[in-house]
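Participant: So I've got this file, query39.cif, and it contains mmCIF, C-alpha atoms and all ligand atoms:
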data_input
loop_
_atom_site.label_atom_id
_atom_site.label_comp_id
_atom_site.auth_asym_id
_atom_site.auth_seq_id
_atom_site.Cartn_x
_atom_site.Cartn_y
_atom_site.Cartn_z
CA MET A 1 110.35 96.07 76.84
CA ARG A 2 112.43 92.91 76.63
CA ILE A 3 115.87 93.22 78.21
CA ASN A 4 118.83 90.88 78.62
CA LEU A 5 120.55 89.60 81.75
CA LYS A 6 123.23 92.27 81.79
CA GLU A 7 120.70 95.08 81.57
CA ALA A 8 118.49 93.46 84.24
CA ALA A 9 121.47 93.20 86.62
CA ARG A 10 122.38 96.83 85.97
CA LEU A 11 118.83 98.06 86.63
CA LEU A 12 118.52 96.02 89.84
CA SER A 13 121.87 97.18 91.19
CA GLN A 14 120.70 100.77 90.62
CA GLU A 15 117.67 100.04 92.85
CA ASN A 16 115.17 99.69 90.00
CA VAL A 17 112.43 97.09 89.61
CA VAL A 18 112.54 94.52 86.80
CA ALA A 19 110.22 91.65 85.79
CA VAL A 20 112.05 88.33 85.84
CA PRO A 21 111.17 84.78 84.78
CA THR A 22 110.94 81.98 87.33
CA GLU A 23 109.79 78.41 86.77
CA THR A 24 106.34 79.23 88.26
CA VAL A 25 105.32 82.71 87.00
CA TYR A 26 107.08 86.00 86.21
CA GLY A 27 108.11 87.98 89.30
CA LEU A 28 108.41 91.74 89.86
CA ALA A 29 111.88 91.84 91.36
CA GLY A 30 113.85 94.33 93.42
CA CYS A 31 116.89 93.96 95.68
CA LEU A 32 116.05 93.00 99.27
CA THR A 33 118.45 95.70 100.42
CA SER A 34 116.74 98.50 98.47
CA LYS A 35 113.96 100.25 100.37
CA SER A 36 113.02 102.32 97.33
CA ALA A 37 112.78 99.25 95.07
CA ILE A 38 110.53 97.46 97.58
CA GLU A 39 108.32 100.54 97.87
CA ALA A 40 108.15 100.72 94.08
CA ILE A 41 107.06 97.06 93.86
CA TYR A 42 104.00 97.73 96.04
CA GLN A 43 103.23 100.86 94.07
CA ILE A 44 103.65 99.37 90.58
CA LYS A 45 101.54 96.32 91.42
CA LYS A 46 98.98 98.42 93.30
CA ARG A 47 99.45 95.92 96.10
CA PRO A 48 98.15 96.64 99.61
CA SER A 49 101.10 97.12 101.96
CA ASN A 50 99.83 94.44 104.37
CA ASN A 51 100.47 91.70 101.81
CA PRO A 52 104.14 90.66 102.21
CA LEU A 53 106.60 89.55 99.51
CA ILE A 54 108.60 86.38 98.86
CA ILE A 55 112.38 86.64 99.24
CA HIS A 56 114.18 84.74 96.47
CA VAL A 57 117.62 83.41 97.36
CA GLY A 58 120.21 81.31 95.54
CA HIS A 59 120.67 78.54 98.10
CA CYS A 60 119.09 77.27 101.30
CA GLN A 61 122.24 78.20 103.27
CA GLU A 62 121.43 81.85 102.58
CA VAL A 63 118.13 81.51 104.43
CA MET A 64 119.85 80.27 107.61
CA LYS A 65 121.38 83.62 108.40
CA TYR A 66 117.97 85.33 108.60
CA LEU A 67 116.33 82.74 110.87
CA GLU A 68 115.27 83.57 114.40
CA LYS A 69 115.12 79.93 115.44
CA LYS A 70 115.27 76.41 114.03
CA VAL A 71 112.12 74.98 112.50
CA PRO A 72 111.65 71.17 112.28
CA ASP A 73 112.37 69.63 108.85
CA PHE A 74 113.32 72.99 107.32
CA GLU A 75 116.62 71.68 105.96
CA ARG A 76 115.16 68.43 104.65
CA LEU A 77 112.38 70.29 102.85
CA ALA A 78 114.84 72.81 101.44
CA GLN A 79 117.30 70.16 100.27
CA THR A 80 114.55 68.16 98.59
CA PHE A 81 112.48 70.88 96.93
CA TRP A 82 114.88 73.77 96.29
CA PRO A 83 115.50 75.01 93.72
CA GLY A 84 111.79 74.64 92.98
CA PRO A 85 108.23 75.83 93.48
CA MET A 86 108.06 75.67 97.29
CA THR A 87 107.95 78.76 99.53
CA LEU A 88 108.56 78.44 103.28
CA ILE A 89 107.31 80.93 105.85
CA LEU A 90 109.90 81.13 108.57
CA PRO A 91 110.46 83.12 111.78
CA VAL A 92 113.17 85.71 111.09
CA ASN A 93 115.47 88.02 112.94
CA THR A 94 113.49 91.15 112.19
CA SER A 95 116.54 93.39 112.24
CA LEU A 96 117.87 91.55 109.16
CA VAL A 97 114.77 91.54 106.94
CA PRO A 98 113.24 94.91 106.00
CA ASP A 99 109.88 95.52 107.64
CA LEU A 100 108.30 96.38 104.31
CA ALA A 101 109.19 93.05 102.66
CA ARG A 102 107.43 91.09 105.42
CA ALA A 103 104.63 93.65 106.02
CA GLY A 104 105.69 93.99 109.64
CA LEU A 105 105.19 90.29 110.45
CA PRO A 106 107.76 88.37 112.57
CA THR A 107 108.03 85.86 109.71
CA ALA A 108 109.22 86.05 106.10
CA ALA A 109 108.59 83.92 103.01
CA PHE A 110 111.61 82.39 101.22
CA ARG A 111 112.22 80.31 98.14
CA VAL A 112 115.00 79.26 95.77
CA PRO A 113 113.56 79.55 92.25
CA LYS A 114 114.50 77.02 89.57
CA HIS A 115 115.37 79.19 86.62
CA SER A 116 118.89 79.84 85.38
CA LEU A 117 118.25 83.53 84.55
CA VAL A 118 116.89 84.54 87.94
CA LEU A 119 119.50 82.44 89.77
CA GLU A 120 122.23 84.27 87.85
CA LEU A 121 120.66 87.62 88.80
CA ILE A 122 120.62 86.59 92.47
CA LYS A 123 124.29 85.63 92.17
CA GLN A 124 125.12 89.07 90.80
CA CYS A 125 122.72 91.25 92.84
CA GLY A 126 121.95 89.31 96.05
CA PRO A 127 118.51 88.18 97.34
CA LEU A 128 115.55 89.51 95.38
CA VAL A 129 112.06 90.20 96.67
CA ALA A 130 109.47 89.39 94.04
CA PRO A 131 105.71 89.08 94.02
CA SER A 132 104.09 87.88 90.82
CA ALA A 133 104.48 90.55 88.11
CA ASN A 134 100.76 91.12 87.49
CA LEU A 135 98.61 94.00 88.64
CA SER A 136 97.06 93.02 91.97
CA GLY A 137 94.01 90.84 91.34
CA LYS A 138 94.89 89.86 87.75
CA PRO A 139 96.08 86.37 86.74
CA SER A 140 99.83 85.92 87.28
CA PRO A 141 101.97 86.41 84.14
CA THR A 142 103.31 83.29 82.47
CA HIS A 143 104.81 85.11 79.46
CA PRO A 144 106.56 88.51 79.03
CA LYS A 145 103.59 89.83 77.02
CA HIS A 146 101.35 89.44 80.10
CA VAL A 147 103.70 91.66 82.11
CA GLU A 148 103.70 94.23 79.32
CA CYS A 149 99.89 94.10 79.17
CA ASP A 150 99.59 94.85 82.92
CA LEU A 151 102.57 97.17 83.48
CA GLY A 152 102.98 98.79 80.04
CA GLU A 153 105.02 98.08 76.91
CA ASP A 154 108.01 100.00 78.27
CA PHE A 155 108.29 98.06 81.50
CA PRO A 156 111.61 96.13 81.57
CA VAL A 157 111.13 92.36 81.36
CA LEU A 158 113.98 89.87 81.37
CA ASP A 159 112.77 87.54 78.62
CA GLY A 160 112.68 83.87 79.56
CA GLY A 161 109.83 82.90 77.22
CA ILE A 162 106.89 80.87 78.53
CA VAL A 163 107.31 79.62 82.10
CA GLU A 164 107.60 75.93 82.89
CA GLN A 165 104.93 75.50 85.59
CA GLY A 166 102.35 78.26 85.19
CA LEU A 167 101.09 78.20 88.79
CA GLU A 168 102.68 79.95 91.76
CA SER A 169 104.79 78.12 94.34
CA THR A 170 103.16 76.11 97.12
CA ILE A 171 103.51 78.03 100.39
CA LEU A 172 104.12 76.09 103.62
CA ALA A 173 104.04 77.51 107.13
CA PHE A 174 104.92 75.74 110.37
CA CYS A 175 101.91 76.20 112.68
CA GLU A 176 100.77 74.19 115.69
CA ASP A 177 103.66 71.72 115.46
CA ARG A 178 103.09 70.83 111.80
CA TRP A 179 103.83 72.17 108.37
CA GLN A 180 100.60 73.35 106.79
CA ILE A 181 99.73 74.71 103.37
CA ALA A 182 99.15 78.46 103.34
CA ARG A 183 98.69 78.55 99.56
CA GLN A 184 98.14 75.61 97.21
CA GLY A 185 100.55 75.75 94.32
CA ALA A 186 102.68 73.95 91.76
CA LEU A 187 103.66 71.20 94.25
CA PRO A 188 100.68 69.12 95.43
CA ALA A 189 100.27 68.25 99.12
CA GLU A 190 101.21 64.60 98.59
CA ALA A 191 104.67 65.63 97.32
CA PHE A 192 105.65 66.36 100.94
CA GLN A 193 104.46 63.06 102.45
CA GLY A 194 107.79 61.28 101.92
CA ILE A 195 109.84 63.97 103.68
CA LEU A 196 107.44 64.95 106.48
CA GLY A 197 105.79 61.57 107.09
CA TYR A 198 102.41 63.29 106.77
CA GLU A 199 100.56 65.19 104.11
CA PRO A 200 100.38 68.86 105.10
CA SER A 201 96.79 70.04 105.29
CA LEU A 202 95.42 73.33 104.08
CA ILE A 203 95.26 76.06 106.72
CA THR A 204 91.53 76.57 107.18
CA SER A 205 91.50 78.88 110.18
CA GLY A 206 91.67 81.98 107.97
CA PRO A 207 94.54 83.85 106.34
CA ILE A 208 97.85 83.71 108.22
CA CYS A 209 98.72 87.14 106.95
CA PRO A 210 96.22 89.96 106.42
CA GLY A 211 96.85 90.31 102.68
CA GLN A 212 95.76 86.80 101.81
CA HIS A 213 92.04 87.51 101.58
CA TYR A 214 92.40 89.74 98.52
CA LYS A 215 90.69 88.59 95.33
CA HIS A 216 93.12 86.97 92.93
CA TYR A 217 93.66 85.60 89.46
CA ALA A 218 90.45 87.02 88.00
CA PRO A 219 89.83 87.99 84.37
CA ASN A 220 87.24 90.69 83.64
CA ALA A 221 84.94 88.08 82.13
CA LYS A 222 82.47 86.36 84.46
CA LEU A 223 83.11 82.63 84.84
CA PHE A 224 80.33 80.07 85.28
CA LEU A 225 81.41 76.78 86.82
CA LYS A 226 78.08 74.96 86.97
CA GLU A 227 75.75 73.72 84.20
CA PRO A 228 76.51 75.54 80.91
CA PRO A 229 73.71 78.07 80.48
CA GLY A 230 72.39 77.76 76.93
CA ASP A 231 73.42 81.15 75.60
CA LEU A 232 77.10 81.46 76.61
CA ASN A 233 79.45 82.05 73.67
CA TRP A 234 82.68 80.88 75.26
CA VAL A 235 83.85 77.72 76.98
CA ILE A 236 87.15 77.09 78.72
CA GLY A 237 87.63 73.38 78.29
CA PHE A 238 89.84 70.55 77.11
CA SER A 239 91.26 69.78 73.68
CA ASP A 240 90.13 66.14 73.75
CA ARG A 241 86.46 66.89 74.51
CA ILE A 242 83.61 67.86 72.26
CA TYR A 243 81.49 70.87 73.18
CA ASN A 244 78.45 72.49 71.67
CA GLN A 245 79.57 73.60 68.19
CA LYS A 246 78.00 77.03 68.66
CA VAL A 247 80.41 77.99 71.47
CA LYS A 248 83.99 79.12 71.01
CA LEU A 249 86.51 76.91 72.82
CA LEU A 250 89.54 78.23 74.65
CA SER A 251 91.53 75.06 75.31
CA LEU A 252 93.49 74.37 78.48
CA GLY A 253 95.09 71.33 76.82
CA PRO A 254 94.33 67.60 77.14
CA SER A 255 92.17 66.52 80.11
CA HIS A 256 94.75 63.86 81.12
CA ASP A 257 97.67 66.31 81.42
CA PRO A 258 97.47 68.54 84.54
CA LEU A 259 100.99 69.92 83.98
CA GLU A 260 100.02 71.23 80.55
CA VAL A 261 96.69 72.55 81.87
CA ALA A 262 98.49 74.35 84.73
CA ARG A 263 100.89 75.95 82.25
CA ASN A 264 98.00 77.19 80.09
CA LEU A 265 95.53 78.27 82.77
CA TYR A 266 96.44 81.93 83.33
CA SER A 267 97.09 82.70 79.66
CA THR A 268 93.68 81.20 78.85
CA LEU A 269 91.99 83.42 81.45
CA ARG A 270 93.77 86.43 79.96
CA LYS A 271 92.76 85.35 76.45
CA LEU A 272 89.10 85.69 77.44
CA ASP A 273 89.67 89.37 78.10
CA GLU A 274 91.77 89.79 74.94
CA GLU A 275 88.85 88.35 72.95
CA GLY A 276 86.44 90.72 74.70
CA ALA A 277 84.40 87.84 76.14
CA LYS A 278 82.00 88.93 78.87
CA GLU A 279 81.06 85.46 80.13
CA ALA A 280 82.38 81.93 79.83
CA TRP A 281 81.55 78.47 81.09
CA VAL A 282 84.46 76.50 82.56
CA ASP A 283 84.45 72.72 82.22
CA MET A 284 85.19 71.66 85.83
CA ASN A 285 84.92 67.95 85.10
CA PHE A 286 88.42 66.92 86.16
CA PRO A 287 89.90 64.98 89.11
CA GLU A 288 89.95 66.31 92.67
CA LYS A 289 93.49 65.30 93.50
CA GLY A 290 97.13 66.31 93.01
CA LEU A 291 97.86 69.37 90.88
CA TRP A 292 94.21 69.41 89.75
CA LEU A 293 93.31 70.69 93.23
CA THR A 294 95.41 73.82 92.70
CA ILE A 295 93.96 74.29 89.22
CA ARG A 296 90.44 73.98 90.66
CA GLU A 297 91.19 76.44 93.49
CA ARG A 298 92.53 79.06 91.05
CA ILE A 299 89.50 78.73 88.76
CA VAL A 300 87.09 78.99 91.70
CA ARG A 301 88.85 82.14 92.94
CA ALA A 302 88.83 83.60 89.44
CA SER A 303 85.08 83.07 89.29
CA ILE A 304 84.20 84.95 92.49
O1 LIG B 1 105.72 81.25 92.51
C1 LIG B 1 105.69 82.23 93.26
O2 LIG B 1 105.55 82.11 94.49
C2 LIG B 1 105.79 83.61 92.62
C3 LIG B 1 107.19 83.74 91.98
C4 LIG B 1 107.42 85.11 91.39
O3 LIG B 1 108.17 83.42 92.93
N1 LIG B 1 105.58 84.64 93.58
C5 LIG B 1 104.36 84.91 94.11
O4 LIG B 1 104.37 85.98 94.97
O5 LIG B 1 103.36 84.27 93.85
P1 LIG B 1 103.06 86.72 95.48
O6 LIG B 1 103.55 87.93 96.16
O7 LIG B 1 102.13 86.92 94.35
O8 LIG B 1 102.47 85.76 96.54
C6 LIG B 1 103.15 85.58 97.76
C7 LIG B 1 102.21 85.15 98.84
C8 LIG B 1 101.20 86.22 99.21
O9 LIG B 1 99.90 85.63 99.21
C9 LIG B 1 101.59 86.63 100.61
O10 LIG B 1 100.45 86.93 101.35
C10 LIG B 1 102.30 85.38 101.12
O11 LIG B 1 102.99 84.90 100.02
N2 LIG B 1 103.31 85.71 102.16
C11 LIG B 1 104.48 86.34 102.00
N3 LIG B 1 105.12 86.48 103.19
C12 LIG B 1 104.31 85.92 104.11
C13 LIG B 1 104.38 85.77 105.53
N4 LIG B 1 105.42 86.22 106.24
N5 LIG B 1 103.36 85.15 106.15
C14 LIG B 1 102.30 84.70 105.44
N6 LIG B 1 102.16 84.82 104.11
C15 LIG B 1 103.15 85.43 103.45
MG MG B 2 100.52 87.04 93.14
#
As structure tokens, what does this structure read like?
Facilitator:
Amino acid sequence: MRINLKEAARLLSQENVVAVPTETVYGLAGCLTSKSAIEAIYQIKKRPSNNPLIIHVGHCQEVMKYLEKKVPDFERLAQTFWPGPMTLILPVNTSLVPDLARAGLPTAAFRVPKHSLVLELIKQCGPLVAPSANLSGKPSPTHPKHVECDLGEDFPVLDGGIVEQGLESTILAFCEDRWQIARQGALPAEAFQGILGYEPSLITSGPICPGQHYKHYAPNAKLFLKEPPGDLNWVIGFSDRIYNQKVKLLSLGPSHDPLEVARNLYSTLRKLDEEGAKEAWVDMNFPEKGLWLTIRERIVRASI
């Protein structure tokens, strides 16, 4: 059910949960101060309680008051990339951040989203915790109809139309004296080189929080990433390429435009299920750099 800003603010202030647009994907938002809303978020999403949430704030100054200690380059990162698709995992004063939001960890994840509607809600209601507004394991929603498909037609969604980025925020954590990437996302690793003086590498030593091993982003259809087997009916590919005429193409957009492909990826995965496709081949012939790396990682995870 599409709702407006006033209604969304009213529902949140009464400790309800509302789906909200951000520049990355739609989030399932509740007030940080509402225990019942946070509990409802885990329940609605069917999310395991050991997978913590991101706290969305209006300005980097707001994060300061929760911090347990200073972290190198935090302010420079925040000033450069916020508002925007970067999430920082920071050590917090645990008496100020509800246990449930951070799944009992001594750290919490923060970001300032770049979307006028959600920023206005934060102004009116305070910090909002919000995971992506999909059912756990499904592709993140990039349009209100995806939220309604997962959570039901009557679920309240603040309508911001199609999102701008289409991939979740890049998550950075400060470990072993360096910022490292805990989740690839809408900002590629090289974006941080100028500020940090090094390109943060991907954390390879396993998940830094227990919830991160859960399967993600997957449609019901089985995805094949290697050689197209002869008898597949569907291909996820690019609008400027020619495929076997017998297969049905779901286009991610032009092969030279990673921003457009990122924006279309999750809705294309969902489309497969809408069409009742059981199997599809994905054209993985695209570069292994920049935003393409995140696109590749999401497709690989969707295929497992
Ligand atoms: O773009 C986004 O980040 C979207 C929009 C709505 O902001 N949100 C999003 O949230 O993708 P979610 O809950 O789907 O993913 C958040 C990730 C999870 O993988 C969780 O494990 C990780 O952040 N996370 C949260 N707090 C953490 C912490 N203290 N330590 C390690 N990982 C954490
Ligand atoms: Mg998610």
Participant: Write out as JSON, numbers by chain each polymer residue (protein, DNA or RNA) that has an atom no more than 9 Å from ligand MG 2 (chain B), with all atoms listed in the file counted.
Facilitator: {"A": [25, 27, 131, 132, 133, 134, 135, 136, 137, 138, 139, 140, 168, 216, 217]}
Participant: Please, what distance in Å, to one decimal, runs between atom CA of Glu190 of chain A and atom CA of Arg296 of chain A?
Facilitator: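 Between atom CA of Glu190 of chain A and atom CA of Arg296 of chain A the gap is 16.3 Å.
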Participant: Hey, could you make a per-residue contact list for chain A against ligand LIG 1 (chain B) with 8 Å as the cut-off, showing the nearest pair of atoms and its distance in Å to one decimal, counting all atoms listed in the file, sorted by chain and number, as CSV?
Facilitator:
residue,atom,partner,partner_atom,distance
A:Val20,CA,B:LIG1,C4,7.9
A:Pro21,CA,B:LIG1,C4,7.6
A:Thr22,CA,B:LIG1,C4,6.2
A:Glu23,CA,B:LIG1,O1,7.6
A:Thr24,CA,B:LIG1,O1,4.7
A:Val25,CA,B:LIG1,C3,5.4
A:Tyr26,CA,B:LIG1,C4,5.3
A:Gly27,CA,B:LIG1,C4,3.6
A:Leu28,CA,B:LIG1,C4,6.9
A:Asn51,CA,B:LIG1,O10,4.8
A:Pro52,CA,B:LIG1,C11,4.3
A:Leu53,CA,B:LIG1,C11,4.6
A:Ile54,CA,B:LIG1,C11,5.2
A:His56,CA,B:LIG1,O3,7.1
A:Pro85,CA,B:LIG1,O1,6.1
A:Met86,CA,B:LIG1,O2,7.5
A:Thr87,CA,B:LIG1,O2,6.5
A:Ile89,CA,B:LIG1,N4,5.6
A:Leu90,CA,B:LIG1,N4,7.2
A:Ala101,CA,B:LIG1,N3,7.7
A:Arg102,CA,B:LIG1,N4,5.3
A:Ala103,CA,B:LIG1,N4,7.5
A:Leu105,CA,B:LIG1,N4,5.9
A:Pro106,CA,B:LIG1,N4,7.1
A:Thr107,CA,B:LIG1,N4,4.4
A:Ala108,CA,B:LIG1,N4,3.8
A:Ala109,CA,B:LIG1,N3,4.3
A:Phe110,CA,B:LIG1,N3,7.9
A:Arg111,CA,B:LIG1,O3,7.3
A:Pro113,CA,B:LIG1,O3,6.7
A:Ala130,CA,B:LIG1,C4,5.4
A:Pro131,CA,B:LIG1,O6,3.3
A:Ser132,CA,B:LIG1,O7,4.2
A:Ala133,CA,B:LIG1,C4,7.0
A:Ser140,CA,B:LIG1,O7,7.5
A:Leu167,CA,B:LIG1,O1,6.7
A:Glu168,CA,B:LIG1,O1,3.4
A:Ser169,CA,B:LIG1,O1,3.7
A:Thr170,CA,B:LIG1,O2,7.0
A:Ile171,CA,B:LIG1,O11,6.9
A:Ala173,CA,B:LIG1,C14,7.6
A:Ala182,CA,B:LIG1,N6,7.1
A:Arg183,CA,B:LIG1,O9,7.2
A:Gly185,CA,B:LIG1,O1,7.8
A:Ala186,CA,B:LIG1,O1,7.9
A:Pro207,CA,B:LIG1,C14,7.9
A:Ile208,CA,B:LIG1,C14,5.3
A:Cys209,CA,B:LIG1,C14,4.6
A:Pro210,CA,B:LIG1,O10,7.3
A:Gly211,CA,B:LIG1,O10,5.1
A:Gln212,CA,B:LIG1,O10,4.7
Participant: Which residues of segment 84-159 of chain A sit at most 8 Å from segment 31-36 of chain A, using all atoms listed in the file? Give each one's shortest atom pair and distance in Å (one decimal place), in chain and ascending residue order, as a tab-separated table.
Facilitator:
residue	atom	partner	partner_atom	distance
A:Val97	CA	A:Leu32	CA	7.9
A:Pro98	CA	A:Leu32	CA	7.5
A:Leu100	CA	A:Lys35	CA	7.9
A:Ala101	CA	A:Leu32	CA	7.7
A:Cys125	CA	A:Cys31	CA	7.0
A:Gly126	CA	A:Cys31	CA	6.9
A:Pro127	CA	A:Leu32	CA	5.7
A:Leu128	CA	A:Cys31	CA	4.7
A:Val129	CA	A:Leu32	CA	5.5
Participant: For atom CA of Val300 of chain A and atom CA of Ile41 of chain A, determine how far apart the two atoms are, in Å to one decimal place.
Facilitator: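 These atoms are spaced 27.0 Å apart.
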Participant: Can you pull out the residues contacting Gln124 of chain A? Cut-off 9 Å, using all atoms listed in the file, and skip same-chain residues under 4 positions away; I want them as a list in words.
Facilitator: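 After dropping sequence-adjacent residues, the list is Ala9, Ser13, Leu119 and Glu120 of chain A.
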Participant: Here is a test: counting only C-alpha atoms, which residue of A:Val71, A:Val157, A:Ile242, A:Val57 is nearest to Pro141 of chain A?
Facilitator: A:Val157
Participant: What separation in Å, quoted to one decimal, exists between atom CA of Ile299 of chain A and atom CA of Pro188 of chain A?
Facilitator: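 One can read the atom CA of Ile299 of chain A to atom CA of Pro188 of chain A distance as 16.2 Å.
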Participant: May I ask which of the residues A:Tyr243, A:Tyr42, A:Tyr266, A:Trp82 is the closest one to Gly58 of chain A, counting all atoms listed in the file?
Facilitator: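 Closest to Gly58 of chain A of all the choices is A:Trp82.
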Participant: Hey, what's within 7 Å of Ile181 of chain A if we count only C-alpha atoms and toss same-chain stuff fewer than 4 positions away? As a PyMOL selection string, please?
Facilitator: chain A and resi 171-173+200-203
Participant: I'd like to know which of A:Glu176, A:Asp73, A:Glu199, A:Glu15 is closest to Glu39 of chain A, using all atoms listed in the file.
Facilitator: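 For Glu39 of chain A, the nearest of the given residues is A:Glu15.
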Participant: Determine, counting all atoms listed in the file, which protein, DNA and RNA residues have an atom within 6 Å of an atom of Leu67 of chain A; residues of the same chain fewer than 2 positions away are not included. Present the result as a list of chain:residue names.
Facilitator: A:Met64, A:Lys65, A:Lys69, A:Pro91, A:Val92, A:Asn93
